[in-house]
Amino acid sequence: MKHAVTSGSAKKNSGRVSIWPLAVKELRETLRDRRTIVTLILMPLIVYPILSLVFRTFLFSSLGELSEDNLIRYRIVLQADWPEKSLSELITALDGIATLQRDFEESAEVGEADPPENSDVPAGEEIKKQLSRPAEEAPLALHEIAFQAPDPKLADTMISVGDADLVVVVTGRPPTQDQIGPIDVKLVYSEDLGRSERAASFFSRHVDLYNRVELQNRLVTNRLSPNLVLRRSDQKIHAEKPQGTISFTTIIPLVLVLMTITGAVYPAIDLTAGERERGTLETLIATPVSRIRILVGKLIAVLTVAVLTASLNVIGMMSTVWAFQLDKLLMGDTPLTFLIFARIFGLLILFATFFSALLLVVTSFARSFKEAQAYLIPIILLSFAPGLIAMTPGLQLSGPLAVCPMVNILLLARDILEGNAQLIPAAIAIFSTIVYAAAAIGLAASIFGADSILYGSQGSWREMLVRPAESVDVAAPATSMLVLALLLPVNFVLIALMGKISDSVDHQLLLSAGFTILSFFLIPLLVAWHQKIRIGSGFGVAWPGAVSLIAAILLGLVMWPTVMSMITLFHSLIDLVSGSEASERWQQRLVKFSAEQAVRFRESPLPIVVLAMSIAPSICEEWFFRGMLQRSLLKHGRAVWAIIGSAVAFGAFHTLSGSVVAFDRLIPTALMGGVLGWIAWRTGSILPGIALHMLHNATIALLARYSPQLELLDWFPDATESIPGSWTLTSVIATVALLALIWLVTANSRQRQH
Amino acid sequence: MIVVQNLCKRFRTSVTSVVAVDRVSFTVAAGEVYGLLGPNGAGKTTTMRMILGLIPPDQGHAEIDGFRSDTQPNEIKRRVGFVSASAGVYQWLTGREMLTFFANVYGLDAARREQRIEQLCHLLELGSFVERRCSTLSTGQKQRINLARAMVHDPPLMILDEPTLGLDVVGSQTVFNWISSLKGEGKSVILCTHQLEQAQRVCDRFGLLHHAKMVREGTLDQLQQATGRIDLVDMFIDLLNSRNEPIHVNTMQGDRT
């Protein structure tokens, strides 16, 4: 006989313990630890100002010396046998011309004076170009200018040892009131020294400008037209992304991501391996709180610290950039707004969730602080690799990179900073990171507090890979989420490979079938074998009942007009939301893609088309999405969320079809996945779904293949027309009726089960 | 009533396989202190962890108030206060914060929690240091906080795995006096210790583990009769020199071989 707990206090213990006290305790412990405070507060407070100082020193030492007014001043030595006064006059003349033109340029910019068409002054744009001062150089007269007698050897030495950036050897007659020149001006500088070269370029611009103006004055004096024979004008257009240079817009997110990692590392170790080392983990496990709740409490704490670190770093970075007025220098014309930082901060939270869970997975294996550090060092070093990849100039957020952990977040953050983030790659990057985070949390939950780790038996890594002793009915959610996380990059890489392996249409279709079988059938099967998941219950391979199966077969034949109309409707919605121009561009790509697909279907033998487009995807995708994934989610949660979860994953995978990201397929395919998931749930089998999926895909592929023949029929709509309303209506009614039939026939059996 | 039945545990590694606990059975009645004794590596700690449901046994189970450790580990955990030799404290929390945290984890309401913490502060004389951070406490003070932590939910069974490890004479004496007082409260105690004289003083019955097996079990009188020795220390020395034959003196469930 069971007795109630004898003491008064324990009687109230029957309810589940909230995660809140767990998380608060973890946070309290972590935030009181001075080591956390060091990484959390001191780092952003100290690192960014130091970095910016180093950066400025480095940048400006290569540009030239900065003075208090933030202007670059070169050290220029004038060598001539002239009196100093004459040299000063020359400098003043050169500077005067420049100042004159600059004043003109500024007044032209604010619209105070329009340049007259046949002006004595060169056209505004040209002056602008000549006088462009990329690094804020001071007016010529304000530079460090020294005069000395000509000495070629001394000139060389001065440049070589860095005593001067430029030596100007002046020969000829000193300027008089009546006449200036001819004067020879020889610039002595080194191409190996950036600063010396820039000083020469700076001085040359003044000389060129002086010559131009002087020449035009002479023409006017001699009553000749000052207009140039070839008059050039420039039209500036919006340029494509700068290629070939490492942009600061990539470095900023990288620094933030690395700082977020830094913030998460210490609490992750302390709350797992540290707790174990101090002997408090066993005490915690001995309480009636599930290990997953303890883990979530720890995850909340680690995530909070990571996010706090990220926030303080963002604030530190923003303040430093603004305080040191580096924003223009780093970002050029794109202003660094609060909104941009807010978006990047959102990405950081997402990334921090993924990384915190990953850290907990790794540190949960460790038995001591030292061991955890030993595990994490390679992980942190490894995480630099995606960071470096993301810094490759001209890299696009697309294809496999959009699903590559960390790289996708870094590239997306870069695009946001540059103001040219695209919706679809952004959505893929965010979706894949969410999947990775969920998989990491699932994995951490399955290993956290495992006896082998808690009690230090040897070879815990190996034990994690050992097959379980007993068979299980369905996959654990952690297992199915891991498979999903694995399939995401695998699928991308395979799709990218497909085009590279062969150009032949037949080969590509066969490869597509092979890759589908590998990804969605063999990988889940291998995992099921390893984890001893029973095929029947784990994948829903069971007899669904004749009526349900027939209803599913009929659904496979009648649903296509509904689905097609839905895609059309979705296109109209896109028109409405994103404006017709964007939608048109997109539609053009899709039409081109669909046309290519139709040609493929026509050119290839029918069995290959049916295998690649119908048989392989239907069996394999149902096997994984409605089989392994949905059934594992069903076992551990509410049916509606299990169906929605697998449907969204199904839809997301279908957006990645070959060379084009077909975002318009997401919602219709997810809805289709919902229908398939509902049928699998009602019937307890994936067989009706396979039948429906197979026939539906076959119908669509055959309609595309035989469209030229079908269009000859009067009653059949051609490619440019939409599906007739009556067809859609009939299809919708038939679909609803058949689903109702499945609902009816499964109601009895489900009641019996209950 | 605590019933431990036929517990077995084997630890497997990549190269070896070690039997940690081999068919261990015993019972502990309410208000009884049971001394689970044995040399290092005998399997005492693993047995305790299996009773608490921290390690799943390969065979057998423990039962507390009718709840089984293999099927209802959380019910078992609600009924057990556990202090292990390696139990630490949260160094950045104060003693009171630590006790509050565990009271919350065990689901005590605020009023009961405060009342219970005050009771324990009085019982274990924590008043002078309960508001201090645990990192600043002495070993004895930390252990008293740990004992209070294990009792915060007022459990009917205490499992104490070497609770005096690292404590000085006075500290050990305090802990053993406290264990004696638990008997008066009707609590069952499973005590594992190497301080055999003290164990002889506070325990009602003993189970002697050696090489993963229960080799002797019974009251002190029964052990003395069976071994011809007066002290547990002498019995222990004989045990270490003997072969590993299980000798069951008398058990509450009758004689077994």
# chains A, B, ... in the order shown; residues from 1 in each chain; ligands from 1
>>> residues_around(residues="segment 257-259 of chain A", least_positions_apart="3", cutoff="10 Å", atoms="only C-alpha atoms", output="ChimeraX atom specification")
/A:39-40,43-44,251-254,262-265,306,309-310,312-314,344-345,347-349,351-352,355,380,383-384,387,406,409-410
>>> interface_residues(of="chain B", to="chain A", cutoff="6 Å", atoms="only C-alpha atoms", output="ChimeraX atom specification")
/B:13,65-66,74,77-78,86-88,92,107,153-154
>>> write_last_selection(atoms="N, CA, C and O atoms", output="JSON list (two decimals), in the first residue's frame")
[["chain", "number", "residue", "atom", "x", "y", "z"],
["B", 13, "THR", "N", 32.81, -0.41, -19.18],
["B", 13, "THR", "CA", 33.62, 0.57, -19.90],
["B", 13, "THR", "C", 34.06, -0.08, -21.20],
["B", 13, "THR", "O", 33.69, -1.23, -21.47],
["B", 65, "ASP", "N", 7.67, 3.72, 1.11],
["B", 65, "ASP", "CA", 6.24, 3.98, 1.27],
["B", 65, "ASP", "C", 5.43, 3.44, 0.09],
["B", 65, "ASP", "O", 4.46, 4.06, -0.35],
["B", 66, "GLY", "N", 5.84, 2.35, -0.46],
["B", 66, "GLY", "CA", 5.09, 1.72, -1.56],
["B", 66, "GLY", "C", 5.45, 2.25, -2.93],
["B", 66, "GLY", "O", 4.96, 1.74, -3.95],
["B", 74, "ASN", "N", 10.58, 10.19, -8.97],
["B", 74, "ASN", "CA", 10.29, 11.50, -8.37],
["B", 74, "ASN", "C", 9.58, 11.36, -7.03],
["B", 74, "ASN", "O", 9.80, 12.16, -6.12],
["B", 77, "LYS", "N", 12.26, 10.62, -4.65],
["B", 77, "LYS", "CA", 13.09, 11.79, -4.35],
["B", 77, "LYS", "C", 12.37, 12.75, -3.39],
["B", 77, "LYS", "O", 13.02, 13.42, -2.60],
["B", 78, "ARG", "N", 11.04, 12.84, -3.49],
["B", 78, "ARG", "CA", 10.29, 13.71, -2.58],
["B", 78, "ARG", "C", 10.39, 13.22, -1.14],
["B", 78, "ARG", "O", 10.18, 13.97, -0.20],
["B", 86, "SER", "N", 30.40, 14.05, -1.26],
["B", 86, "SER", "CA", 30.92, 15.05, -2.20],
["B", 86, "SER", "C", 29.96, 16.24, -2.35],
["B", 86, "SER", "O", 30.22, 17.13, -3.16],
["B", 87, "ALA", "N", 28.86, 16.25, -1.58],
["B", 87, "ALA", "CA", 27.87, 17.33, -1.78],
["B", 87, "ALA", "C", 28.51, 18.68, -1.47],
["B", 87, "ALA", "O", 29.16, 18.86, -0.45],
["B", 88, "GLY", "N", 28.32, 19.60, -2.37],
["B", 88, "GLY", "CA", 28.87, 20.94, -2.17],
["B", 88, "GLY", "C", 27.77, 21.94, -1.90],
["B", 88, "GLY", "O", 26.60, 21.57, -1.72],
["B", 92, "TRP", "N", 28.13, 31.15, -4.36],
["B", 92, "TRP", "CA", 27.74, 32.55, -4.52],
["B", 92, "TRP", "C", 26.39, 32.86, -3.87],
["B", 92, "TRP", "O", 25.92, 33.99, -3.94],
["B", 107, "GLY", "N", 8.77, 22.34, -3.66],
["B", 107, "GLY", "CA", 7.38, 22.79, -3.76],
["B", 107, "GLY", "C", 6.77, 23.27, -2.47],
["B", 107, "GLY", "O", 5.54, 23.26, -2.33],
["B", 153, "HIS", "N", 12.68, 19.74, 3.18],
["B", 153, "HIS", "CA", 11.32, 19.29, 2.82],
["B", 153, "HIS", "C", 10.80, 18.25, 3.81],
["B", 153, "HIS", "O", 9.79, 17.59, 3.56],
["B", 154, "ASP", "N", 11.49, 18.10, 4.94],
["B", 154, "ASP", "CA", 11.05, 17.23, 6.03],
["B", 154, "ASP", "C", 10.75, 15.81, 5.54],
["B", 154, "ASP", "O", 9.65, 15.28, 5.72]]
>>> residues_around(residues="Gln115 of chain B", least_positions_apart="2", cutoff="12 Å", atoms="only C-alpha atoms", output="MDAnalysis selection string")
(chainID A and resid 8:9) or (chainID B and resid 99:100 103 108:113 117:122 152:154)
>>> atom_distance(atom1="atom CA of Leu666 of chain A", atom2="atom CA of Ile428 of chain A")
11.1 Å
>>> closest_residue(among="A:Ala612, A:Leu555, A:Leu692, A:Gly684", to="Ser731 of chain A", atoms="only C-alpha atoms")
A:Leu555
>>> select_by_dssp(residues="segment 48-176 of chain B", states="helix (DSSP H, G or I)", output="VMD selection string")
chain B and resid 48 to 51 73 to 78 95 to 105 110 to 123 134 to 136 139 to 151 169 to 176
>>> residues_around(residues="segment 82-91 of chain A", least_positions_apart="3", cutoff="12 Å", atoms="only C-alpha atoms", output="PyMOL selection string")
chain A and resi 76-79+94-99+139-150+168-177+180-181+183+185+203+206-207+210
>>> residues_around(residues="Leu123 of chain B", least_positions_apart="3", cutoff="12 Å", atoms="only C-alpha atoms", output="PyMOL selection string")
chain B and resi 116-120+126-127+144-145+147-148+151-152+174-175+177-179+181-182
>>> residues_around(residues="Thr562 of chain A", least_positions_apart="6", cutoff="9 Å", atoms="only C-alpha atoms", output="mmCIF file with C-alpha atoms, in the first residue's frame")
data_model
loop_
_atom_site.group_PDB
_atom_site.id
_atom_site.type_symbol
_atom_site.label_atom_id
_atom_site.label_comp_id
_atom_site.auth_asym_id
_atom_site.auth_seq_id
_atom_site.Cartn_x
_atom_site.Cartn_y
_atom_site.Cartn_z
ATOM 1 C CA TRP A 727 -12.355 22.935 -61.670
ATOM 2 C CA THR A 728 -11.007 24.448 -58.470
ATOM 3 C CA LEU A 729 -14.437 24.398 -56.840
ATOM 4 C CA THR A 730 -14.982 20.737 -57.771
ATOM 5 C CA SER A 731 -11.514 19.893 -56.501
ATOM 6 C CA VAL A 732 -12.076 21.706 -53.187
ATOM 7 C CA THR A 735 -11.054 17.178 -51.201
#
>>> residues_around(residues="Thr227 of chain B", least_positions_apart="6", cutoff="12 Å", atoms="only C-alpha atoms", output="PDB file with all heavy atoms, in the first residue's frame")
ATOM      1  N   VAL B 215      27.658  -9.008   2.940  1.00  0.00           N
ATOM      2  CA  VAL B 215      28.267 -10.197   3.540  1.00  0.00           C
ATOM      3  C   VAL B 215      27.780 -10.460   4.970  1.00  0.00           C
ATOM      4  O   VAL B 215      27.795 -11.595   5.426  1.00  0.00           O
ATOM      5  CB  VAL B 215      29.799 -10.134   3.501  1.00  0.00           C
ATOM      6  CG1 VAL B 215      30.309 -10.296   2.096  1.00  0.00           C
ATOM      7  CG2 VAL B 215      30.313  -8.851   4.114  1.00  0.00           C
ATOM      8  N   ARG B 216      27.392  -9.430   5.689  1.00  0.00           N
ATOM      9  CA  ARG B 216      26.804  -9.659   7.014  1.00  0.00           C
ATOM     10  C   ARG B 216      25.715  -8.629   7.239  1.00  0.00           C
ATOM     11  O   ARG B 216      25.821  -7.491   6.818  1.00  0.00           O
ATOM     12  CB  ARG B 216      27.854  -9.506   8.119  1.00  0.00           C
ATOM     13  CG  ARG B 216      28.939 -10.571   8.098  1.00  0.00           C
ATOM     14  CD  ARG B 216      29.777 -10.507   9.368  1.00  0.00           C
ATOM     15  NE  ARG B 216      30.991 -11.296   9.216  1.00  0.00           N
ATOM     16  CZ  ARG B 216      31.024 -12.615   9.303  1.00  0.00           C
ATOM     17  NH1 ARG B 216      29.911 -13.309   9.526  1.00  0.00           N
ATOM     18  NH2 ARG B 216      32.154 -13.261   9.167  1.00  0.00           N
ATOM     19  N   GLU B 217      24.692  -9.038   7.972  1.00  0.00           N
ATOM     20  CA  GLU B 217      23.630  -8.090   8.270  1.00  0.00           C
ATOM     21  C   GLU B 217      22.998  -8.427   9.605  1.00  0.00           C
ATOM     22  O   GLU B 217      22.843  -9.609   9.934  1.00  0.00           O
ATOM     23  CB  GLU B 217      22.559  -8.121   7.160  1.00  0.00           C
ATOM     24  CG  GLU B 217      21.800  -6.808   7.088  1.00  0.00           C
ATOM     25  CD  GLU B 217      20.450  -6.924   6.406  1.00  0.00           C
ATOM     26  OE1 GLU B 217      20.079  -8.036   6.038  1.00  0.00           O
ATOM     27  OE2 GLU B 217      19.782  -5.901   6.278  1.00  0.00           O
ATOM     28  N   GLY B 218      22.650  -7.444  10.381  1.00  0.00           N
ATOM     29  CA  GLY B 218      21.971  -7.697  11.643  1.00  0.00           C
ATOM     30  C   GLY B 218      22.234  -6.612  12.657  1.00  0.00           C
ATOM     31  O   GLY B 218      22.881  -5.601  12.346  1.00  0.00           O
ATOM     32  N   LEU B 220      23.854  -5.202  16.340  1.00  0.00           N
ATOM     33  CA  LEU B 220      25.217  -5.337  16.861  1.00  0.00           C
ATOM     34  C   LEU B 220      25.371  -6.666  17.618  1.00  0.00           C
ATOM     35  O   LEU B 220      26.367  -7.380  17.444  1.00  0.00           O
ATOM     36  CB  LEU B 220      25.542  -4.146  17.770  1.00  0.00           C
ATOM     37  CG  LEU B 220      26.982  -4.084  18.274  1.00  0.00           C
ATOM     38  CD1 LEU B 220      27.964  -3.935  17.119  1.00  0.00           C
ATOM     39  CD2 LEU B 220      27.165  -2.935  19.252  1.00  0.00           C
ATOM     40  N   ASP B 221      24.349  -7.009  18.412  1.00  0.00           N
ATOM     41  CA  ASP B 221      24.384  -8.275  19.157  1.00  0.00           C
ATOM     42  C   ASP B 221      24.524  -9.453  18.205  1.00  0.00           C
ATOM     43  O   ASP B 221      25.335 -10.360  18.420  1.00  0.00           O
ATOM     44  CB  ASP B 221      23.095  -8.457  19.967  1.00  0.00           C
ATOM     45  CG  ASP B 221      23.082  -7.525  21.160  1.00  0.00           C
ATOM     46  OD1 ASP B 221      24.169  -6.995  21.474  1.00  0.00           O
ATOM     47  OD2 ASP B 221      21.996  -7.331  21.734  1.00  0.00           O
ATOM     48  N   VAL B 233      35.144  -2.545  14.448  1.00  0.00           N
ATOM     49  CA  VAL B 233      36.471  -2.393  13.845  1.00  0.00           C
ATOM     50  C   VAL B 233      37.105  -3.768  13.630  1.00  0.00           C
ATOM     51  O   VAL B 233      37.616  -4.074  12.542  1.00  0.00           O
ATOM     52  CB  VAL B 233      37.383  -1.523  14.734  1.00  0.00           C
ATOM     53  CG1 VAL B 233      38.778  -1.411  14.135  1.00  0.00           C
ATOM     54  CG2 VAL B 233      36.766  -0.148  14.923  1.00  0.00           C
ATOM     55  N   ASP B 234      37.019  -4.640  14.656  1.00  0.00           N
ATOM     56  CA  ASP B 234      37.597  -5.977  14.534  1.00  0.00           C
ATOM     57  C   ASP B 234      36.867  -6.791  13.477  1.00  0.00           C
ATOM     58  O   ASP B 234      37.479  -7.535  12.707  1.00  0.00           O
ATOM     59  CB  ASP B 234      37.531  -6.700  15.888  1.00  0.00           C
ATOM     60  CG  ASP B 234      38.405  -5.992  16.912  1.00  0.00           C
ATOM     61  OD1 ASP B 234      39.433  -5.409  16.490  1.00  0.00           O
ATOM     62  OD2 ASP B 234      38.048  -5.990  18.101  1.00  0.00           O
ATOM     63  N   MET B 235      35.542  -6.634  13.467  1.00  0.00           N
ATOM     64  CA  MET B 235      34.759  -7.351  12.451  1.00  0.00           C
ATOM     65  C   MET B 235      35.215  -6.933  11.061  1.00  0.00           C
ATOM     66  O   MET B 235      35.312  -7.748  10.146  1.00  0.00           O
ATOM     67  CB  MET B 235      33.267  -7.043  12.609  1.00  0.00           C
ATOM     68  CG  MET B 235      32.626  -7.611  13.850  1.00  0.00           C
ATOM     69  SD  MET B 235      30.890  -7.118  13.884  1.00  0.00           S
ATOM     70  CE  MET B 235      30.609  -7.015  15.629  1.00  0.00           C
ATOM     71  N   PHE B 236      35.485  -5.651  10.948  1.00  0.00           N
ATOM     72  CA  PHE B 236      35.899  -5.095   9.645  1.00  0.00           C
ATOM     73  C   PHE B 236      37.227  -5.688   9.195  1.00  0.00           C
ATOM     74  O   PHE B 236      37.398  -6.066   8.051  1.00  0.00           O
ATOM     75  CB  PHE B 236      36.042  -3.570   9.779  1.00  0.00           C
ATOM     76  CG  PHE B 236      35.225  -2.843   8.776  1.00  0.00           C
ATOM     77  CD1 PHE B 236      33.862  -2.700   8.974  1.00  0.00           C
ATOM     78  CD2 PHE B 236      35.799  -2.326   7.633  1.00  0.00           C
ATOM     79  CE1 PHE B 236      33.098  -2.043   8.045  1.00  0.00           C
ATOM     80  CE2 PHE B 236      35.035  -1.658   6.705  1.00  0.00           C
ATOM     81  CZ  PHE B 236      33.684  -1.511   6.906  1.00  0.00           C
ATOM     82  N   ILE B 237      38.154  -5.773  10.160  1.00  0.00           N
ATOM     83  CA  ILE B 237      39.473  -6.300   9.822  1.00  0.00           C
ATOM     84  C   ILE B 237      39.344  -7.761   9.397  1.00  0.00           C
ATOM     85  O   ILE B 237      39.933  -8.183   8.397  1.00  0.00           O
ATOM     86  CB  ILE B 237      40.435  -6.144  11.019  1.00  0.00           C
ATOM     87  CG1 ILE B 237      40.674  -4.644  11.249  1.00  0.00           C
ATOM     88  CG2 ILE B 237      41.756  -6.860  10.789  1.00  0.00           C
ATOM     89  CD1 ILE B 237      41.342  -4.305  12.551  1.00  0.00           C
ATOM     90  N   ASP B 238      38.524  -8.526  10.130  1.00  0.00           N
ATOM     91  CA  ASP B 238      38.278  -9.921   9.743  1.00  0.00           C
ATOM     92  C   ASP B 238      37.696  -9.988   8.338  1.00  0.00           C
ATOM     93  O   ASP B 238      38.073 -10.835   7.529  1.00  0.00           O
ATOM     94  CB  ASP B 238      37.285 -10.581  10.713  1.00  0.00           C
ATOM     95  CG  ASP B 238      37.939 -10.852  12.063  1.00  0.00           C
ATOM     96  OD1 ASP B 238      39.186 -10.745  12.137  1.00  0.00           O
ATOM     97  OD2 ASP B 238      37.201 -11.159  13.022  1.00  0.00           O
ATOM     98  N   LEU B 239      36.758  -9.055   8.124  1.00  0.00           N
ATOM     99  CA  LEU B 239      36.065  -9.043   6.830  1.00  0.00           C
ATOM    100  C   LEU B 239      37.041  -8.835   5.677  1.00  0.00           C
ATOM    101  O   LEU B 239      36.996  -9.528   4.661  1.00  0.00           O
ATOM    102  CB  LEU B 239      35.041  -7.911   6.845  1.00  0.00           C
ATOM    103  CG  LEU B 239      34.115  -7.782   5.654  1.00  0.00           C
ATOM    104  CD1 LEU B 239      33.157  -8.947   5.632  1.00  0.00           C
ATOM    105  CD2 LEU B 239      33.341  -6.471   5.733  1.00  0.00           C
ATOM    106  N   SER B 242      38.910 -11.895   5.034  1.00  0.00           N
ATOM    107  CA  SER B 242      38.149 -13.114   4.706  1.00  0.00           C
ATOM    108  C   SER B 242      37.919 -13.249   3.214  1.00  0.00           C
ATOM    109  O   SER B 242      38.161 -12.330   2.433  1.00  0.00           O
ATOM    110  CB  SER B 242      36.795 -13.074   5.397  1.00  0.00           C
ATOM    111  OG  SER B 242      36.003 -12.092   4.758  1.00  0.00           O
ATOM    112  N   ILE B 247      27.513 -13.987   4.459  1.00  0.00           N
ATOM    113  CA  ILE B 247      27.077 -14.660   5.683  1.00  0.00           C
ATOM    114  C   ILE B 247      25.926 -13.828   6.240  1.00  0.00           C
ATOM    115  O   ILE B 247      26.148 -12.719   6.735  1.00  0.00           O
ATOM    116  CB  ILE B 247      28.205 -14.705   6.723  1.00  0.00           C
ATOM    117  CG1 ILE B 247      29.491 -15.224   6.064  1.00  0.00           C
ATOM    118  CG2 ILE B 247      27.827 -15.554   7.925  1.00  0.00           C
ATOM    119  CD1 ILE B 247      30.740 -14.759   6.763  1.00  0.00           C
ATOM    120  N   HIS B 248      24.714 -14.286   6.077  1.00  0.00           N
ATOM    121  CA  HIS B 248      23.570 -13.517   6.564  1.00  0.00           C
ATOM    122  C   HIS B 248      23.218 -13.985   7.960  1.00  0.00           C
ATOM    123  O   HIS B 248      22.873 -15.138   8.157  1.00  0.00           O
ATOM    124  CB  HIS B 248      22.378 -13.697   5.638  1.00  0.00           C
ATOM    125  CG  HIS B 248      22.627 -13.054   4.309  1.00  0.00           C
ATOM    126  ND1 HIS B 248      22.474 -11.719   4.096  1.00  0.00           N
ATOM    127  CD2 HIS B 248      23.078 -13.591   3.156  1.00  0.00           C
ATOM    128  CE1 HIS B 248      22.795 -11.437   2.840  1.00  0.00           C
ATOM    129  NE2 HIS B 248      23.163 -12.571   2.248  1.00  0.00           N
ATOM    130  N   VAL B 249      23.345 -13.094   8.886  1.00  0.00           N
ATOM    131  CA  VAL B 249      23.102 -13.470  10.274  1.00  0.00           C
ATOM    132  C   VAL B 249      21.619 -13.604  10.527  1.00  0.00           C
ATOM    133  O   VAL B 249      21.105 -14.642  10.880  1.00  0.00           O
ATOM    134  CB  VAL B 249      23.713 -12.416  11.213  1.00  0.00           C
ATOM    135  CG1 VAL B 249      23.460 -12.787  12.645  1.00  0.00           C
ATOM    136  CG2 VAL B 249      25.193 -12.300  10.932  1.00  0.00           C
TER     137      VAL B 249
END
>>> atom_distance(atom1="atom CA of Gln709 of chain A", atom2="atom CA of Val610 of chain A")
18.3 Å
>>> select_by_dssp(residues="segment 2-159 of chain B", states="strand (DSSP E or B)", output="VMD selection string")
chain B and resid 2 to 12 17 to 28 33 to 37 59 to 64 67 to 68 80 to 83 94 133 157 to 159
>>> closest_residue(among="B:Ser135, B:Asn241, B:Thr46, B:Asn146", to="Pro163 of chain B", atoms="only C-alpha atoms")
B:Asn146
>>> atom_distance(atom1="atom CA of Leu509 of chain A", atom2="atom CA of Pro668 of chain A")
23.4 Å
>>> closest_residue(among="A:Leu744, A:Ala93, A:Leu193, A:Ala475", to="Glu214 of chain A", atoms="only C-alpha atoms")
A:Ala93
